[in-house]
$ cat query_21.txt   # compact mmCIF, N, CA and C atoms
# COMPACT_ATOMS: atom_id res chain seq x y z
N MET A 5 8.17 -2.17 8.49
CA MET A 5 8.53 -1.07 7.63
C MET A 5 9.67 -0.32 8.31
N ALA A 6 10.71 0.00 7.56
CA ALA A 6 11.84 0.74 8.10
C ALA A 6 11.44 2.18 8.39
N GLY A 7 12.09 2.79 9.35
CA GLY A 7 11.84 4.20 9.63
C GLY A 7 12.36 5.07 8.50
N PHE A 8 11.80 6.26 8.37
CA PHE A 8 12.24 7.18 7.33
C PHE A 8 11.82 8.60 7.70
N GLY A 9 12.41 9.56 7.02
CA GLY A 9 12.04 10.96 7.22
C GLY A 9 11.63 11.57 5.89
N PHE A 10 10.84 12.63 5.95
CA PHE A 10 10.45 13.35 4.74
C PHE A 10 10.09 14.78 5.11
N SER A 11 10.11 15.63 4.12
CA SER A 11 9.73 17.03 4.31
C SER A 11 8.44 17.30 3.56
N TYR A 12 7.55 18.04 4.21
CA TYR A 12 6.28 18.41 3.57
C TYR A 12 5.79 19.68 4.23
N GLY A 13 5.37 20.62 3.41
CA GLY A 13 4.80 21.87 3.92
C GLY A 13 5.77 22.68 4.77
N GLY A 14 7.07 22.59 4.46
CA GLY A 14 8.07 23.34 5.20
C GLY A 14 8.46 22.72 6.54
N HIS A 15 8.00 21.50 6.81
CA HIS A 15 8.31 20.81 8.06
C HIS A 15 9.02 19.50 7.76
N ASP A 16 9.88 19.09 8.67
CA ASP A 16 10.53 17.78 8.57
C ASP A 16 9.77 16.81 9.47
N TRP A 17 9.46 15.63 8.91
CA TRP A 17 8.71 14.61 9.63
C TRP A 17 9.57 13.37 9.75
N LYS A 18 9.53 12.72 10.90
CA LYS A 18 10.26 11.47 11.14
C LYS A 18 9.26 10.37 11.46
N ILE A 19 9.34 9.29 10.70
CA ILE A 19 8.49 8.12 10.94
C ILE A 19 9.40 7.01 11.46
N PRO A 20 9.22 6.58 12.71
CA PRO A 20 10.10 5.55 13.27
C PRO A 20 9.78 4.17 12.71
N ALA A 21 10.73 3.26 12.83
CA ALA A 21 10.51 1.88 12.42
C ALA A 21 9.44 1.26 13.33
N GLY A 22 8.82 0.20 12.85
CA GLY A 22 7.88 -0.52 13.69
C GLY A 22 6.45 -0.51 13.20
N LEU A 23 6.13 0.31 12.21
CA LEU A 23 4.79 0.27 11.62
C LEU A 23 4.73 -0.89 10.63
N SER A 24 3.55 -1.38 10.35
CA SER A 24 3.39 -2.48 9.40
C SER A 24 2.55 -2.04 8.21
N PHE A 25 2.99 -2.41 7.02
CA PHE A 25 2.19 -2.20 5.82
C PHE A 25 1.54 -3.54 5.49
N CYS A 26 0.24 -3.58 5.48
CA CYS A 26 -0.52 -4.82 5.29
C CYS A 26 -1.27 -4.78 3.97
N TYR A 27 -1.37 -5.93 3.32
CA TYR A 27 -2.10 -6.05 2.06
C TYR A 27 -2.86 -7.37 2.09
N HIS A 28 -4.18 -7.28 2.07
CA HIS A 28 -5.04 -8.46 2.14
C HIS A 28 -5.83 -8.59 0.84
N ILE A 29 -5.90 -9.82 0.35
CA ILE A 29 -6.76 -10.14 -0.79
C ILE A 29 -7.67 -11.27 -0.34
N GLU A 30 -8.97 -11.08 -0.51
CA GLU A 30 -9.93 -12.14 -0.21
C GLU A 30 -10.55 -12.62 -1.50
N GLY A 31 -10.69 -13.93 -1.63
CA GLY A 31 -11.28 -14.49 -2.83
C GLY A 31 -10.76 -15.89 -3.09
N ASP A 32 -10.90 -16.33 -4.34
CA ASP A 32 -10.50 -17.67 -4.72
C ASP A 32 -9.88 -17.64 -6.11
N LYS A 33 -8.66 -18.11 -6.21
CA LYS A 33 -7.91 -18.14 -7.48
C LYS A 33 -7.85 -16.73 -8.06
N ARG A 34 -8.38 -16.53 -9.27
CA ARG A 34 -8.29 -15.22 -9.91
C ARG A 34 -9.44 -14.29 -9.54
N THR A 35 -10.47 -14.79 -8.88
CA THR A 35 -11.62 -13.97 -8.49
C THR A 35 -11.41 -13.48 -7.06
N TYR A 36 -11.52 -12.16 -6.85
CA TYR A 36 -11.38 -11.63 -5.50
C TYR A 36 -12.65 -10.88 -5.12
N THR A 37 -12.93 -10.91 -3.82
CA THR A 37 -14.08 -10.17 -3.30
C THR A 37 -13.65 -8.82 -2.74
N SER A 38 -12.38 -8.71 -2.32
CA SER A 38 -11.87 -7.42 -1.86
C SER A 38 -10.35 -7.43 -1.84
N GLN A 39 -9.79 -6.24 -1.94
CA GLN A 39 -8.37 -6.00 -1.74
C GLN A 39 -8.26 -4.78 -0.84
N LYS A 40 -7.37 -4.86 0.15
CA LYS A 40 -7.18 -3.72 1.04
C LYS A 40 -5.72 -3.65 1.44
N ALA A 41 -5.17 -2.44 1.36
CA ALA A 41 -3.81 -2.17 1.82
C ALA A 41 -3.88 -1.03 2.83
N TYR A 42 -3.10 -1.14 3.90
CA TYR A 42 -3.18 -0.13 4.95
C TYR A 42 -1.94 -0.16 5.84
N ILE A 43 -1.76 0.91 6.60
CA ILE A 43 -0.72 0.99 7.61
C ILE A 43 -1.35 0.58 8.94
N ALA A 44 -0.74 -0.39 9.61
CA ALA A 44 -1.21 -0.84 10.92
C ALA A 44 -0.28 -0.26 12.00
N ARG A 45 -0.89 0.23 13.07
CA ARG A 45 -0.14 0.79 14.20
C ARG A 45 -0.51 0.05 15.47
N ASP A 46 0.47 -0.18 16.32
CA ASP A 46 0.15 -0.72 17.63
C ASP A 46 -0.14 0.45 18.58
N LEU A 47 -0.32 0.20 19.86
CA LEU A 47 -0.66 1.28 20.79
C LEU A 47 0.41 2.36 20.83
N ALA A 48 1.68 1.97 20.83
CA ALA A 48 2.75 2.97 20.82
C ALA A 48 2.70 3.80 19.55
N GLY A 49 2.29 3.19 18.45
CA GLY A 49 2.21 3.89 17.18
C GLY A 49 1.16 4.98 17.12
N LEU A 50 0.22 4.96 18.04
CA LEU A 50 -0.81 6.00 18.05
C LEU A 50 -0.24 7.38 18.31
N PHE A 51 0.95 7.43 18.90
CA PHE A 51 1.57 8.71 19.22
C PHE A 51 2.56 9.16 18.15
N TRP A 52 2.74 8.36 17.12
CA TRP A 52 3.66 8.73 16.05
C TRP A 52 2.98 9.69 15.09
N PRO A 53 3.76 10.38 14.27
CA PRO A 53 3.19 11.42 13.40
C PRO A 53 2.25 10.88 12.32
N LYS A 54 1.54 11.82 11.74
CA LYS A 54 0.65 11.52 10.62
C LYS A 54 1.47 11.40 9.33
N PHE A 55 0.84 10.81 8.32
CA PHE A 55 1.43 10.75 6.99
C PHE A 55 0.82 11.84 6.12
N TRP A 56 1.66 12.58 5.41
CA TRP A 56 1.22 13.64 4.50
C TRP A 56 1.69 13.29 3.10
N ASN A 57 0.91 13.69 2.09
CA ASN A 57 1.29 13.50 0.69
C ASN A 57 1.58 12.03 0.40
N TRP A 58 0.61 11.17 0.71
CA TRP A 58 0.78 9.73 0.56
C TRP A 58 -0.21 9.18 -0.45
N SER A 59 0.12 8.00 -0.98
CA SER A 59 -0.79 7.27 -1.87
C SER A 59 -0.51 5.78 -1.74
N ILE A 60 -1.50 4.98 -2.09
CA ILE A 60 -1.34 3.53 -2.18
C ILE A 60 -1.72 3.12 -3.59
N ASN A 61 -0.81 2.44 -4.27
CA ASN A 61 -1.02 1.99 -5.64
C ASN A 61 -1.02 0.47 -5.68
N PHE A 62 -1.77 -0.08 -6.63
CA PHE A 62 -1.79 -1.52 -6.85
C PHE A 62 -1.20 -1.81 -8.23
N ALA A 63 -0.38 -2.85 -8.32
CA ALA A 63 0.22 -3.24 -9.59
C ALA A 63 0.09 -4.75 -9.74
N TYR A 64 -0.10 -5.19 -10.98
CA TYR A 64 -0.33 -6.60 -11.26
C TYR A 64 0.64 -7.08 -12.33
N TYR A 65 1.21 -8.27 -12.10
CA TYR A 65 2.24 -8.82 -12.96
C TYR A 65 1.83 -10.22 -13.41
N ASP A 66 2.20 -10.58 -14.65
CA ASP A 66 1.91 -11.93 -15.11
C ASP A 66 2.94 -12.90 -14.53
N ASP A 67 2.82 -14.19 -14.87
CA ASP A 67 3.70 -15.19 -14.29
C ASP A 67 5.14 -15.09 -14.80
N ARG A 68 5.40 -14.19 -15.73
CA ARG A 68 6.77 -13.93 -16.19
C ARG A 68 7.33 -12.63 -15.61
N GLY A 69 6.56 -12.01 -14.72
CA GLY A 69 7.03 -10.80 -14.05
C GLY A 69 6.79 -9.51 -14.81
N ARG A 70 6.02 -9.57 -15.90
CA ARG A 70 5.73 -8.35 -16.68
C ARG A 70 4.47 -7.68 -16.13
N ARG A 71 4.59 -6.39 -15.87
CA ARG A 71 3.44 -5.65 -15.36
C ARG A 71 2.40 -5.53 -16.47
N TYR A 72 1.15 -5.87 -16.17
CA TYR A 72 0.10 -5.75 -17.17
C TYR A 72 -0.98 -4.75 -16.78
N TYR A 73 -0.99 -4.30 -15.51
CA TYR A 73 -1.99 -3.32 -15.12
C TYR A 73 -1.55 -2.65 -13.81
N SER A 74 -1.86 -1.37 -13.68
CA SER A 74 -1.62 -0.63 -12.43
C SER A 74 -2.82 0.26 -12.17
N THR A 75 -3.12 0.47 -10.93
CA THR A 75 -4.15 1.42 -10.53
C THR A 75 -3.54 2.32 -9.46
N TYR A 76 -3.58 3.61 -9.72
CA TYR A 76 -2.92 4.58 -8.87
C TYR A 76 -3.92 5.25 -7.95
N GLY A 77 -3.62 5.25 -6.66
CA GLY A 77 -4.49 5.88 -5.69
C GLY A 77 -4.30 7.39 -5.66
N LYS A 78 -5.28 8.06 -5.13
CA LYS A 78 -5.25 9.50 -4.97
C LYS A 78 -4.10 9.88 -4.03
N ILE A 79 -3.46 11.02 -4.30
CA ILE A 79 -2.46 11.55 -3.39
C ILE A 79 -3.20 12.33 -2.30
N HIS A 80 -3.00 11.91 -1.05
CA HIS A 80 -3.72 12.50 0.08
C HIS A 80 -2.81 13.49 0.80
N ASN A 81 -3.32 14.68 1.01
CA ASN A 81 -2.59 15.72 1.74
C ASN A 81 -3.27 16.06 3.06
N ASP A 82 -4.02 15.10 3.59
CA ASP A 82 -4.87 15.37 4.74
C ASP A 82 -4.27 14.99 6.09
N GLY A 83 -3.09 14.43 6.15
CA GLY A 83 -2.49 14.04 7.42
C GLY A 83 -3.19 12.86 8.05
N ALA A 84 -2.97 11.66 7.50
CA ALA A 84 -3.67 10.46 7.97
C ALA A 84 -2.84 9.69 8.98
N TYR A 85 -3.49 9.21 10.04
CA TYR A 85 -2.83 8.32 11.00
C TYR A 85 -2.76 6.90 10.47
N LYS A 86 -3.81 6.46 9.79
CA LYS A 86 -3.88 5.08 9.28
C LYS A 86 -4.25 5.10 7.81
N PRO A 87 -3.30 5.41 6.94
CA PRO A 87 -3.61 5.41 5.50
C PRO A 87 -4.12 4.05 5.05
N SER A 88 -5.12 4.05 4.16
CA SER A 88 -5.65 2.79 3.63
C SER A 88 -6.28 3.02 2.26
N ARG A 89 -6.38 1.94 1.51
CA ARG A 89 -7.08 1.95 0.22
C ARG A 89 -7.68 0.58 -0.01
N SER A 90 -8.91 0.56 -0.50
CA SER A 90 -9.62 -0.70 -0.75
C SER A 90 -10.14 -0.74 -2.17
N LEU A 91 -10.25 -1.94 -2.70
CA LEU A 91 -10.89 -2.18 -3.99
C LEU A 91 -11.96 -3.25 -3.78
N GLY A 92 -13.06 -3.14 -4.48
CA GLY A 92 -14.15 -4.11 -4.37
C GLY A 92 -13.91 -5.35 -5.22
N ARG A 93 -14.96 -6.03 -5.49
CA ARG A 93 -14.96 -7.30 -6.22
C ARG A 93 -14.37 -7.17 -7.62
N GLY A 94 -13.69 -8.22 -8.07
CA GLY A 94 -13.13 -8.22 -9.42
C GLY A 94 -12.45 -9.54 -9.76
N THR A 95 -11.81 -9.57 -10.91
CA THR A 95 -11.10 -10.76 -11.38
C THR A 95 -9.74 -10.34 -11.91
N PHE A 96 -8.70 -11.06 -11.47
CA PHE A 96 -7.39 -10.85 -12.06
C PHE A 96 -7.40 -11.49 -13.44
N PRO A 97 -7.03 -10.76 -14.50
CA PRO A 97 -7.07 -11.33 -15.84
C PRO A 97 -6.08 -12.47 -16.04
N LYS A 98 -5.00 -12.47 -15.25
CA LYS A 98 -3.94 -13.48 -15.42
C LYS A 98 -3.47 -13.95 -14.06
N TYR A 99 -2.92 -15.14 -14.02
CA TYR A 99 -2.21 -15.59 -12.83
C TYR A 99 -0.88 -14.85 -12.77
N GLY A 100 -0.33 -14.70 -11.58
CA GLY A 100 0.94 -14.00 -11.43
C GLY A 100 1.06 -13.42 -10.04
N LYS A 101 1.30 -12.11 -9.97
CA LYS A 101 1.58 -11.46 -8.70
C LYS A 101 0.78 -10.16 -8.61
N ALA A 102 0.21 -9.91 -7.43
CA ALA A 102 -0.50 -8.66 -7.14
C ALA A 102 0.28 -7.95 -6.04
N CYS A 103 0.56 -6.66 -6.23
CA CYS A 103 1.36 -5.89 -5.27
C CYS A 103 0.66 -4.60 -4.87
N ALA A 104 0.90 -4.20 -3.64
CA ALA A 104 0.47 -2.90 -3.15
C ALA A 104 1.71 -2.12 -2.76
N ASN A 105 1.75 -0.84 -3.13
CA ASN A 105 2.88 0.03 -2.83
C ASN A 105 2.39 1.21 -2.02
N PHE A 106 3.10 1.53 -0.94
CA PHE A 106 2.81 2.70 -0.12
C PHE A 106 3.85 3.76 -0.44
N ASN A 107 3.39 4.93 -0.88
CA ASN A 107 4.27 6.02 -1.29
C ASN A 107 4.04 7.25 -0.43
N VAL A 108 5.14 7.91 -0.07
CA VAL A 108 5.08 9.17 0.67
C VAL A 108 5.96 10.17 -0.06
N VAL A 109 5.41 11.32 -0.39
CA VAL A 109 6.10 12.38 -1.14
C VAL A 109 6.73 11.79 -2.41
N GLY A 110 5.97 10.93 -3.10
CA GLY A 110 6.39 10.38 -4.38
C GLY A 110 7.42 9.28 -4.32
N LYS A 111 7.82 8.83 -3.12
CA LYS A 111 8.83 7.77 -3.00
C LYS A 111 8.21 6.54 -2.37
N GLU A 112 8.49 5.36 -2.97
CA GLU A 112 7.97 4.12 -2.41
C GLU A 112 8.63 3.84 -1.07
N ARG A 113 7.81 3.65 -0.04
CA ARG A 113 8.31 3.39 1.31
C ARG A 113 8.07 1.96 1.76
N ALA A 114 7.08 1.29 1.18
CA ALA A 114 6.80 -0.10 1.54
C ALA A 114 6.09 -0.77 0.37
N LYS A 115 6.29 -2.08 0.27
CA LYS A 115 5.66 -2.86 -0.81
C LYS A 115 5.36 -4.25 -0.27
N GLN A 116 4.21 -4.77 -0.63
CA GLN A 116 3.87 -6.14 -0.28
C GLN A 116 3.18 -6.78 -1.47
N CYS A 117 3.53 -8.05 -1.75
CA CYS A 117 2.98 -8.75 -2.92
C CYS A 117 2.42 -10.11 -2.50
N HIS A 118 1.47 -10.60 -3.29
CA HIS A 118 0.91 -11.93 -3.13
C HIS A 118 0.92 -12.60 -4.50
N TYR A 119 1.25 -13.88 -4.50
CA TYR A 119 1.20 -14.66 -5.75
C TYR A 119 -0.20 -15.19 -5.95
N ILE A 120 -0.73 -15.02 -7.15
CA ILE A 120 -2.07 -15.48 -7.51
C ILE A 120 -1.88 -16.70 -8.41
N HIS A 121 -2.38 -17.86 -7.94
CA HIS A 121 -2.18 -19.08 -8.72
C HIS A 121 -3.39 -20.00 -8.56
N ALA A 122 -3.44 -21.00 -9.40
CA ALA A 122 -4.57 -21.93 -9.41
C ALA A 122 -4.56 -22.83 -8.19
$ encode --input "query_21.txt" --output "structure tokens"
Amino acid sequence: MAGFGFSYGGHDWKIPAGLSFCYHIEGDKRTYTSQKAYIARDLAGLFWPKFWNWSINFAYYDDRGRRYYSTYGKIHNDGAYKPSRSLGRGTFPKYGKACANFNVVGKERAKQCHYIHA
């Protein structure tokens, strides 16, 4: 994930490059047992700032690239070191692409997608 800066609560925050946005889907074909998206930090990353006003959203696209469903995560104002969001068991209605988006102060900062196919 590239470094970026943002303002929140009257303060300027700088997030250096080097953090990873991870998105895992467990399951088989269109059936999944879990989905999880999160920010991963190494030991040096433990000293980097918290994230404020963040959310993680999931979006799903058919095999022609048309979005057919989105689920929007809560906007968190709690200052998280390791933002994450999980979804439980379910079924993708269509084959295509599943994406997770990490947003800070309403702007997409990272995105990761997986292709769902037979």
$ residues_near_point --input "query_21.txt" --point "(-1.8, -0.8, -14.1)" --cutoff "7 Å" --atoms "only N, CA and C atoms" --output "VMD selection string"
chain A and resid 62 to 64 71 to 76
$ atom_distance --input "query_21.txt" --atom1 "atom N of A:Tyr42" --atom2 "atom N of A:Asn105"
8.5 Å
$ select_by_dssp --input "query_21.txt" --residues "stretch 78-120 of chain A" --states "strand (DSSP E or B)" --output "PDB file with N, CA and C atoms, keeping the file's coordinate frame"
ATOM      1  N   HIS A  80      -3.000  11.910  -1.050  1.00  0.00           N
ATOM      2  CA  HIS A  80      -3.720  12.500   0.080  1.00  0.00           C
ATOM      3  C   HIS A  80      -2.810  13.490   0.800  1.00  0.00           C
ATOM      4  N   ALA A  84      -2.970  11.660   7.500  1.00  0.00           N
ATOM      5  CA  ALA A  84      -3.670  10.460   7.970  1.00  0.00           C
ATOM      6  C   ALA A  84      -2.840   9.690   8.980  1.00  0.00           C
ATOM      7  N   SER A  88      -5.120   4.050   4.160  1.00  0.00           N
ATOM      8  CA  SER A  88      -5.650   2.790   3.630  1.00  0.00           C
ATOM      9  C   SER A  88      -6.280   3.020   2.260  1.00  0.00           C
ATOM     10  N   ARG A  89      -6.380   1.940   1.510  1.00  0.00           N
ATOM     11  CA  ARG A  89      -7.080   1.950   0.220  1.00  0.00           C
ATOM     12  C   ARG A  89      -7.680   0.580  -0.010  1.00  0.00           C
ATOM     13  N   SER A  90      -8.910   0.560  -0.500  1.00  0.00           N
ATOM     14  CA  SER A  90      -9.620  -0.700  -0.750  1.00  0.00           C
ATOM     15  C   SER A  90     -10.140  -0.740  -2.170  1.00  0.00           C
ATOM     16  N   LEU A  91     -10.250  -1.940  -2.700  1.00  0.00           N
ATOM     17  CA  LEU A  91     -10.890  -2.180  -3.990  1.00  0.00           C
ATOM     18  C   LEU A  91     -11.960  -3.250  -3.780  1.00  0.00           C
ATOM     19  N   GLY A  94     -13.690  -8.220  -8.070  1.00  0.00           N
ATOM     20  CA  GLY A  94     -13.130  -8.220  -9.420  1.00  0.00           C
ATOM     21  C   GLY A  94     -12.450  -9.540  -9.760  1.00  0.00           C
ATOM     22  N   THR A  95     -11.810  -9.570 -10.910  1.00  0.00           N
ATOM     23  CA  THR A  95     -11.100 -10.760 -11.380  1.00  0.00           C
ATOM     24  C   THR A  95      -9.740 -10.340 -11.910  1.00  0.00           C
ATOM     25  N   GLY A 100      -0.330 -14.700 -11.580  1.00  0.00           N
ATOM     26  CA  GLY A 100       0.940 -14.000 -11.430  1.00  0.00           C
ATOM     27  C   GLY A 100       1.060 -13.420 -10.040  1.00  0.00           C
ATOM     28  N   LYS A 101       1.300 -12.110  -9.970  1.00  0.00           N
ATOM     29  CA  LYS A 101       1.580 -11.460  -8.700  1.00  0.00           C
ATOM     30  C   LYS A 101       0.780 -10.160  -8.610  1.00  0.00           C
ATOM     31  N   ALA A 102       0.210  -9.910  -7.430  1.00  0.00           N
ATOM     32  CA  ALA A 102      -0.500  -8.660  -7.140  1.00  0.00           C
ATOM     33  C   ALA A 102       0.280  -7.950  -6.040  1.00  0.00           C
ATOM     34  N   CYS A 103       0.560  -6.660  -6.230  1.00  0.00           N
ATOM     35  CA  CYS A 103       1.360  -5.890  -5.270  1.00  0.00           C
ATOM     36  C   CYS A 103       0.660  -4.600  -4.870  1.00  0.00           C
ATOM     37  N   ALA A 104       0.900  -4.200  -3.640  1.00  0.00           N
ATOM     38  CA  ALA A 104       0.470  -2.900  -3.150  1.00  0.00           C
ATOM     39  C   ALA A 104       1.710  -2.120  -2.760  1.00  0.00           C
ATOM     40  N   ASN A 105       1.750  -0.840  -3.130  1.00  0.00           N
ATOM     41  CA  ASN A 105       2.880   0.030  -2.830  1.00  0.00           C
ATOM     42  C   ASN A 105       2.390   1.210  -2.020  1.00  0.00           C
ATOM     43  N   PHE A 106       3.100   1.530  -0.940  1.00  0.00           N
ATOM     44  CA  PHE A 106       2.810   2.700  -0.120  1.00  0.00           C
ATOM     45  C   PHE A 106       3.850   3.760  -0.440  1.00  0.00           C
ATOM     46  N   ASN A 107       3.390   4.930  -0.880  1.00  0.00           N
ATOM     47  CA  ASN A 107       4.270   6.020  -1.290  1.00  0.00           C
ATOM     48  C   ASN A 107       4.040   7.250  -0.430  1.00  0.00           C
ATOM     49  N   VAL A 108       5.140   7.910  -0.070  1.00  0.00           N
ATOM     50  CA  VAL A 108       5.080   9.170   0.670  1.00  0.00           C
ATOM     51  C   VAL A 108       5.960  10.170  -0.060  1.00  0.00           C
ATOM     52  N   LYS A 111       7.820   8.830  -3.120  1.00  0.00           N
ATOM     53  CA  LYS A 111       8.830   7.770  -3.000  1.00  0.00           C
ATOM     54  C   LYS A 111       8.210   6.540  -2.370  1.00  0.00           C
ATOM     55  N   GLU A 112       8.490   5.360  -2.970  1.00  0.00           N
ATOM     56  CA  GLU A 112       7.970   4.120  -2.410  1.00  0.00           C
ATOM     57  C   GLU A 112       8.630   3.840  -1.070  1.00  0.00           C
ATOM     58  N   ARG A 113       7.810   3.650  -0.040  1.00  0.00           N
ATOM     59  CA  ARG A 113       8.310   3.390   1.310  1.00  0.00           C
ATOM     60  C   ARG A 113       8.070   1.960   1.760  1.00  0.00           C
ATOM     61  N   ALA A 114       7.080   1.290   1.180  1.00  0.00           N
ATOM     62  CA  ALA A 114       6.800  -0.100   1.540  1.00  0.00           C
ATOM     63  C   ALA A 114       6.090  -0.770   0.370  1.00  0.00           C
ATOM     64  N   LYS A 115       6.290  -2.080   0.270  1.00  0.00           N
ATOM     65  CA  LYS A 115       5.660  -2.860  -0.810  1.00  0.00           C
ATOM     66  C   LYS A 115       5.360  -4.250  -0.270  1.00  0.00           C
ATOM     67  N   GLN A 116       4.210  -4.770  -0.630  1.00  0.00           N
ATOM     68  CA  GLN A 116       3.870  -6.140  -0.280  1.00  0.00           C
ATOM     69  C   GLN A 116       3.180  -6.780  -1.470  1.00  0.00           C
ATOM     70  N   CYS A 117       3.530  -8.050  -1.750  1.00  0.00           N
ATOM     71  CA  CYS A 117       2.980  -8.750  -2.920  1.00  0.00           C
ATOM     72  C   CYS A 117       2.420 -10.110  -2.500  1.00  0.00           C
ATOM     73  N   HIS A 118       1.470 -10.600  -3.290  1.00  0.00           N
ATOM     74  CA  HIS A 118       0.910 -11.930  -3.130  1.00  0.00           C
ATOM     75  C   HIS A 118       0.920 -12.600  -4.500  1.00  0.00           C
ATOM     76  N   TYR A 119       1.250 -13.880  -4.500  1.00  0.00           N
ATOM     77  CA  TYR A 119       1.200 -14.660  -5.750  1.00  0.00           C
ATOM     78  C   TYR A 119      -0.200 -15.190  -5.950  1.00  0.00           C
ATOM     79  N   ILE A 120      -0.730 -15.020  -7.150  1.00  0.00           N
ATOM     80  CA  ILE A 120      -2.070 -15.480  -7.510  1.00  0.00           C
ATOM     81  C   ILE A 120      -1.880 -16.700  -8.410  1.00  0.00           C
TER      82      ILE A 120
END
$ atom_distance --input "query_21.txt" --atom1 "atom CA of A:Leu23" --atom2 "atom CA of A:Gly92"
25.2 Å
$ atom_distance --input "query_21.txt" --atom1 "atom C of A:Ala102" --atom2 "atom CA of A:Trp56"
24.0 Å
$ residues_around --input "query_21.txt" --residues "stretch 83-91 of chain A" --least-positions-apart "3" --cutoff "12 Å" --atoms "only C-alpha atoms" --output "PyMOL selection string"
chain A and resi 12-13+17+19+23-30+36-46+49-62+75-80+94-95+104-108
$ select_by_dssp --input "query_21.txt" --residues "stretch 9-118 of chain A" --states "helix (DSSP H, G or I)" --output "PyMOL selection string"
chain A and resi 48-51
$ residues_near_point --input "query_21.txt" --point "(-1.3, -14.4, -14.0)" --cutoff "8 Å" --atoms "all atoms listed in the file" --output "PyMOL selection string"
chain A and resi 64-68+96-101+120-121
